[in-house]
Amino acid sequence: MSFVIGTAGHIDHGKSTLVTALTGIDPDRLAEEKRRGMTIDLGFAHLRLPGGKEVGIVDVPGHARFIRNMLAGTHGLDAVMLVIAADEGVMPQTREHLEIIDLLDVRRGVVVLSKVDLVDPDWLTLVRAEVVEVLNGTSLEGVRILPFSAVSGEGKADLMVELDRMLAAAESRPDLGRPRLPIDRVFTMSGFGTVVTGTLVDGTLNVGEELEVFPGGRAVRVRGLQQHNQKVESASPGGRVAANLTGAEKHELQRGDVLARAGSLATTRRVDASVRVLSSAPQPLRHGAELQLHTGTAEVTCRVILLDASEQIDAGGQGWVQLYLDRPVAVAENDRFILRVPSPAATIAGGTLVDIHPRKHSRHDGAARESLERRAAGDVLQEELRKYPRGVTVESLLKATMAPEADVAGLDAIRIGDWLYDAAIWSAIADRATRELQTFHASHPLRPGMVREELRSRLGVPPGSFSSVIQGLLHDGRIEERDGSLAVPGHRVELHETDGAAASLLELLGRQPFAPPSLAEATRQTGASPEVVRALAQRGEIVRVSDDIAFTRDSYQAAVAMVREIISTGGSITVAQLRDRMGASRRPVLALLEHLDAERVTRRVGDARVLR
């Protein structure tokens, strides 16, 4: 089980010295850092605590100009050591680092009062009282405050014991089967090539795995892994990891990229989030403000959209926001973030990403805020499902939420094959389908039903999910299907109001059973509408052998029997033979024979037909 502890505190308060004293590793790796005696970028070390726990340490710069580097190092911390020099007490970057820790909700920590060898006991008591006051109301309220001297070694043993105790109750990071490694450092090693480091979350990495770099989509392979400077075949979540990669050069990767399995992570340029503005913020969080978003190891410019009626959230306030990002980032729901004013640089707010693939909301959409509240309370999968009024595949839903498939069973949903519908949305689809069919039946009483494509168009359902909609409606008994037409249960074609036209048409076609007039002429004489013709054909009272030729049912059956008889006697039949036998013109006879060919009753051989 591995943990990650970060440092925090004002410049020159002894963070790097503390790390060196605890681990024997100097975290300042850059030549400029050693020359200037000041931490500029992230530094890393590791140690084994008295209880046997392996701990990675991220040392952050304390200078205000390097806050962006400090923020990249706060991702995935299990605990923090807030270092405050006893001879100076609480300083500006002490407060800003503490505010960042509070916004990131890091609740395990210890305050290290460094340089205690430079002050007397009375002064130390005053500094301790100041620290207690500063911690009040923050996520570190009530943590232990321990004296430490790198010169004399005072407090080192107590600090090690406190770190051990502090992490004793910490649970191991969950393995969700979808590892993410937000990259905080990229470099090359002679003989190895490209190496990236970061704090691994959400899953286990293995040597030989094929991964993808987000955003960008570059495919890479894990050539080797290290944790705490030891080669490992697998790296578990919650620890510092160095991954040797093939498939990418150093210049093709950067801090803020994320390593994950292909297809397991999606990028976004819009997120919904809960936000809290610092009580000490130099300005309110204004609607439309252009700010810097820090999340994971990424930094990106964003525009703030407030999702309520106000134009700003004042210092100490909270609210819902939608953030529009300048470029795509790879994040997950419940990731923490920080918002900073770019100039003059200052931290003003932070919070939690609640929906990483939101729709665009109206600012005054109360339903959107209610949905976010349910989502933040843990109802992520159900709220994500509600975003798809025409259904969504199980695979797409799980990818959007990164939830395990087992969670699908607990949804208030209708599952049809691979498609899922929120129960309320499905009810609305079914009701709409019933109304549309009833309206169609009222307008076209002589039609047996609506064709599939017309119903799909009226429902606005995409072709991909429409077959599942039909399957579900049929299963629920909301619709019936007859000969490719869809109808509400119980719908029957009734000719009562048009019996006169229907009877006249049947009577006219029956006068010359084998030589009926064209349908155009017959409908002109009888006044029968196309709907009447269609209804008679659907009921089987007439048989249309072509667009313009129809026989009554009895005439058609007699004609087919005649064809069979002639072929049985002579072996085949020609148009001329049937025309003479029926006493009709060539046109209806040819239409009949071509119809029988299409129905696979007969087969044409030269100028004759034989039975199939």
# chains A, B, ... in the order shown; residues from 1 in each chain; ligands from 1
$ residues_around --residues "Pro328 (chain A)" --least-positions-apart "4" --cutoff "6 Å" --atoms "only C-alpha atoms" --output "PyMOL selection string"
chain A and resi 267-269
$ write_last_selection --atoms "all heavy atoms" --output "mmCIF file, in the first residue's frame"
data_model
loop_
_atom_site.group_PDB
_atom_site.id
_atom_site.type_symbol
_atom_site.label_atom_id
_atom_site.label_comp_id
_atom_site.auth_asym_id
_atom_site.auth_seq_id
_atom_site.Cartn_x
_atom_site.Cartn_y
_atom_site.Cartn_z
ATOM 1 N N THR A 267 -12.035 13.255 -23.421
ATOM 2 C CA THR A 267 -11.629 14.635 -23.180
ATOM 3 C C THR A 267 -12.842 15.552 -23.274
ATOM 4 O O THR A 267 -13.873 15.185 -23.844
ATOM 5 C CB THR A 267 -10.574 15.076 -24.199
ATOM 6 O OG1 THR A 267 -11.110 14.930 -25.524
ATOM 7 C CG2 THR A 267 -9.314 14.233 -24.071
ATOM 8 N N THR A 268 -12.709 16.720 -22.715
ATOM 9 C CA THR A 268 -13.839 17.646 -22.703
ATOM 10 C C THR A 268 -13.346 19.082 -22.749
ATOM 11 O O THR A 268 -12.222 19.382 -22.338
ATOM 12 C CB THR A 268 -14.693 17.435 -21.436
ATOM 13 O OG1 THR A 268 -15.828 18.291 -21.475
ATOM 14 C CG2 THR A 268 -13.889 17.739 -20.183
ATOM 15 N N ARG A 269 -14.209 19.957 -23.242
ATOM 16 C CA ARG A 269 -13.934 21.395 -23.196
ATOM 17 C C ARG A 269 -15.030 22.129 -22.439
ATOM 18 O O ARG A 269 -15.070 23.358 -22.448
ATOM 19 C CB ARG A 269 -13.818 21.968 -24.616
ATOM 20 C CG ARG A 269 -12.573 21.501 -25.358
ATOM 21 C CD ARG A 269 -12.385 22.250 -26.654
ATOM 22 N NE ARG A 269 -12.253 23.680 -26.434
ATOM 23 C CZ ARG A 269 -12.133 24.591 -27.404
ATOM 24 N NH1 ARG A 269 -12.129 24.183 -28.658
ATOM 25 N NH2 ARG A 269 -12.026 25.866 -27.127
#
$ residues_around --residues "region 541-544 of chain A" --least-positions-apart "6" --cutoff "10 Å" --atoms "only C-alpha atoms" --output "VMD selection string"
chain A and resid 502 505 to 506 509 519 533 to 535 550 to 557 591 to 592 595
$ residues_around --residues "region 169-176 of chain A" --least-positions-apart "2" --cutoff "10 Å" --atoms "only C-alpha atoms" --output "list in words"
Met1, Ser2, Phe3, Gly76, Asp78, Ala79, Arg108, Asp164, Arg165, Met166, Leu167, Arg178, Pro179, Leu200, Val201, Asp202, Gly203, Thr204, Ser236, Pro237, Gly238, Gly239, Met402, Ala403 and Pro404 of chain A
$ residues_around --residues "Val575 (chain A)" --least-positions-apart "2" --cutoff "8 Å" --atoms "only C-alpha atoms" --output "PyMOL selection string"
chain A and resi 573+577-579+586+589-590+593+607-608
$ residues_around --residues "Arg128 (chain A)" --least-positions-apart "6" --cutoff "9 Å" --atoms "only C-alpha atoms" --output "PyMOL selection string"
chain A and resi 86+89+113+145
$ write_last_selection --atoms "all heavy atoms" --output "mmCIF file, in the first residue's frame"
data_model
loop_
_atom_site.group_PDB
_atom_site.id
_atom_site.type_symbol
_atom_site.label_atom_id
_atom_site.label_comp_id
_atom_site.auth_asym_id
_atom_site.auth_seq_id
_atom_site.Cartn_x
_atom_site.Cartn_y
_atom_site.Cartn_z
ATOM 1 N N ALA A 86 9.531 28.814 12.173
ATOM 2 C CA ALA A 86 9.206 29.351 13.501
ATOM 3 C C ALA A 86 9.692 30.786 13.666
ATOM 4 O O ALA A 86 9.099 31.565 14.426
ATOM 5 C CB ALA A 86 9.820 28.458 14.576
ATOM 6 N N GLY A 89 6.928 32.785 11.153
ATOM 7 C CA GLY A 89 5.508 32.584 11.355
ATOM 8 C C GLY A 89 4.751 32.505 10.033
ATOM 9 O O GLY A 89 5.314 32.219 8.962
ATOM 10 N N LEU A 113 6.643 23.085 12.333
ATOM 11 C CA LEU A 113 7.258 24.371 12.682
ATOM 12 C C LEU A 113 8.773 24.197 12.563
ATOM 13 O O LEU A 113 9.440 23.658 13.459
ATOM 14 C CB LEU A 113 6.871 24.779 14.105
ATOM 15 C CG LEU A 113 5.437 25.243 14.321
ATOM 16 C CD1 LEU A 113 5.219 25.664 15.758
ATOM 17 C CD2 LEU A 113 5.078 26.383 13.383
ATOM 18 N N ILE A 145 0.683 20.119 15.511
ATOM 19 C CA ILE A 145 1.710 21.097 15.171
ATOM 20 C C ILE A 145 2.990 20.644 15.855
ATOM 21 O O ILE A 145 3.075 20.596 17.097
ATOM 22 C CB ILE A 145 1.309 22.509 15.648
ATOM 23 C CG1 ILE A 145 -0.038 22.905 15.037
ATOM 24 C CG2 ILE A 145 2.395 23.524 15.294
ATOM 25 C CD1 ILE A 145 -0.626 24.179 15.613
#
$ select_by_dssp --residues "region 401-490 of chain A" --states "strand (DSSP E)" --output "MDAnalysis selection string"
chainID A and resid 413:416 419:422 450:451 480:482 485:487
$ write_last_selection --atoms "N, CA, C and O atoms" --output "PDB file, in the first residue's frame"
ATOM      1  N   ALA A 413     -34.540   2.281 -14.924  1.00  0.00           N
ATOM      2  CA  ALA A 413     -34.386   2.356 -16.375  1.00  0.00           C
ATOM      3  C   ALA A 413     -35.040   1.169 -17.059  1.00  0.00           C
ATOM      4  O   ALA A 413     -35.333   0.146 -16.443  1.00  0.00           O
ATOM      5  N   ILE A 414     -35.260   1.346 -18.344  1.00  0.00           N
ATOM      6  CA  ILE A 414     -35.736   0.269 -19.212  1.00  0.00           C
ATOM      7  C   ILE A 414     -34.563  -0.141 -20.091  1.00  0.00           C
ATOM      8  O   ILE A 414     -33.997   0.698 -20.804  1.00  0.00           O
ATOM      9  N   ARG A 415     -34.199  -1.416 -20.033  1.00  0.00           N
ATOM     10  CA  ARG A 415     -33.115  -1.912 -20.876  1.00  0.00           C
ATOM     11  C   ARG A 415     -33.699  -2.790 -21.959  1.00  0.00           C
ATOM     12  O   ARG A 415     -34.418  -3.750 -21.676  1.00  0.00           O
ATOM     13  N   ILE A 416     -33.363  -2.462 -23.196  1.00  0.00           N
ATOM     14  CA  ILE A 416     -33.809  -3.234 -24.355  1.00  0.00           C
ATOM     15  C   ILE A 416     -32.566  -3.580 -25.161  1.00  0.00           C
ATOM     16  O   ILE A 416     -32.000  -2.728 -25.847  1.00  0.00           O
ATOM     17  N   TRP A 419     -29.529  -1.157 -25.352  1.00  0.00           N
ATOM     18  CA  TRP A 419     -29.976   0.229 -25.168  1.00  0.00           C
ATOM     19  C   TRP A 419     -30.643   0.416 -23.816  1.00  0.00           C
ATOM     20  O   TRP A 419     -31.335  -0.472 -23.317  1.00  0.00           O
ATOM     21  N   LEU A 420     -30.416   1.611 -23.248  1.00  0.00           N
ATOM     22  CA  LEU A 420     -31.007   1.982 -21.970  1.00  0.00           C
ATOM     23  C   LEU A 420     -31.827   3.254 -22.112  1.00  0.00           C
ATOM     24  O   LEU A 420     -31.437   4.186 -22.831  1.00  0.00           O
ATOM     25  N   TYR A 421     -32.958   3.286 -21.411  1.00  0.00           N
ATOM     26  CA  TYR A 421     -33.817   4.467 -21.385  1.00  0.00           C
ATOM     27  C   TYR A 421     -34.200   4.749 -19.938  1.00  0.00           C
ATOM     28  O   TYR A 421     -34.616   3.826 -19.211  1.00  0.00           O
ATOM     29  N   ASP A 422     -34.022   5.983 -19.503  1.00  0.00           N
ATOM     30  CA  ASP A 422     -34.547   6.361 -18.205  1.00  0.00           C
ATOM     31  C   ASP A 422     -36.032   6.039 -18.177  1.00  0.00           C
ATOM     32  O   ASP A 422     -36.749   6.233 -19.168  1.00  0.00           O
ATOM     33  N   MET A 450     -49.264   2.919 -39.609  1.00  0.00           N
ATOM     34  CA  MET A 450     -48.221   3.821 -40.077  1.00  0.00           C
ATOM     35  C   MET A 450     -46.967   3.019 -40.404  1.00  0.00           C
ATOM     36  O   MET A 450     -46.621   2.064 -39.696  1.00  0.00           O
ATOM     37  N   VAL A 451     -46.281   3.406 -41.456  1.00  0.00           N
ATOM     38  CA  VAL A 451     -45.025   2.727 -41.775  1.00  0.00           C
ATOM     39  C   VAL A 451     -43.985   3.095 -40.726  1.00  0.00           C
ATOM     40  O   VAL A 451     -44.030   4.166 -40.108  1.00  0.00           O
ATOM     41  N   GLU A 480     -49.011  -2.641 -32.176  1.00  0.00           N
ATOM     42  CA  GLU A 480     -49.043  -3.908 -32.895  1.00  0.00           C
ATOM     43  C   GLU A 480     -48.458  -3.676 -34.275  1.00  0.00           C
ATOM     44  O   GLU A 480     -48.509  -2.558 -34.799  1.00  0.00           O
ATOM     45  N   GLU A 481     -47.897  -4.728 -34.847  1.00  0.00           N
ATOM     46  CA  GLU A 481     -47.327  -4.621 -36.185  1.00  0.00           C
ATOM     47  C   GLU A 481     -48.007  -5.624 -37.093  1.00  0.00           C
ATOM     48  O   GLU A 481     -48.105  -6.808 -36.768  1.00  0.00           O
ATOM     49  N   ARG A 482     -48.510  -5.103 -38.239  1.00  0.00           N
ATOM     50  CA  ARG A 482     -49.172  -5.965 -39.219  1.00  0.00           C
ATOM     51  C   ARG A 482     -48.666  -5.617 -40.610  1.00  0.00           C
ATOM     52  O   ARG A 482     -48.823  -4.479 -41.061  1.00  0.00           O
ATOM     53  N   SER A 485     -46.761  -2.467 -41.011  1.00  0.00           N
ATOM     54  CA  SER A 485     -47.394  -1.238 -40.538  1.00  0.00           C
ATOM     55  C   SER A 485     -47.579  -1.310 -39.027  1.00  0.00           C
ATOM     56  O   SER A 485     -47.797  -2.384 -38.463  1.00  0.00           O
ATOM     57  N   LEU A 486     -47.503  -0.156 -38.383  1.00  0.00           N
ATOM     58  CA  LEU A 486     -47.623  -0.072 -36.932  1.00  0.00           C
ATOM     59  C   LEU A 486     -48.951   0.564 -36.560  1.00  0.00           C
ATOM     60  O   LEU A 486     -49.372   1.555 -37.179  1.00  0.00           O
ATOM     61  N   ALA A 487     -49.612   0.007 -35.558  1.00  0.00           N
ATOM     62  CA  ALA A 487     -50.922   0.509 -35.150  1.00  0.00           C
ATOM     63  C   ALA A 487     -51.081   0.322 -33.655  1.00  0.00           C
ATOM     64  O   ALA A 487     -50.379  -0.481 -33.024  1.00  0.00           O
TER      65      ALA A 487
END
$ residues_around --residues "Asp28 (chain A)" --least-positions-apart "4" --cutoff "9 Å" --atoms "only C-alpha atoms" --output "VMD selection string"
chain A and resid 16 33 to 34 37 to 44 59
$ residues_around --residues "His444 (chain A)" --least-positions-apart "2" --cutoff "12 Å" --atoms "only C-alpha atoms" --output "list in words"
Leu437, Gln438, Thr439, Phe440, His441, Ala442, Leu446, Arg447, Pro448, Gly449, Met450, Ala487, His491, Arg492, Val493, Glu494, Leu495, Ser529, Pro530, Glu531, Val532, Arg534 and Ala535 of chain A
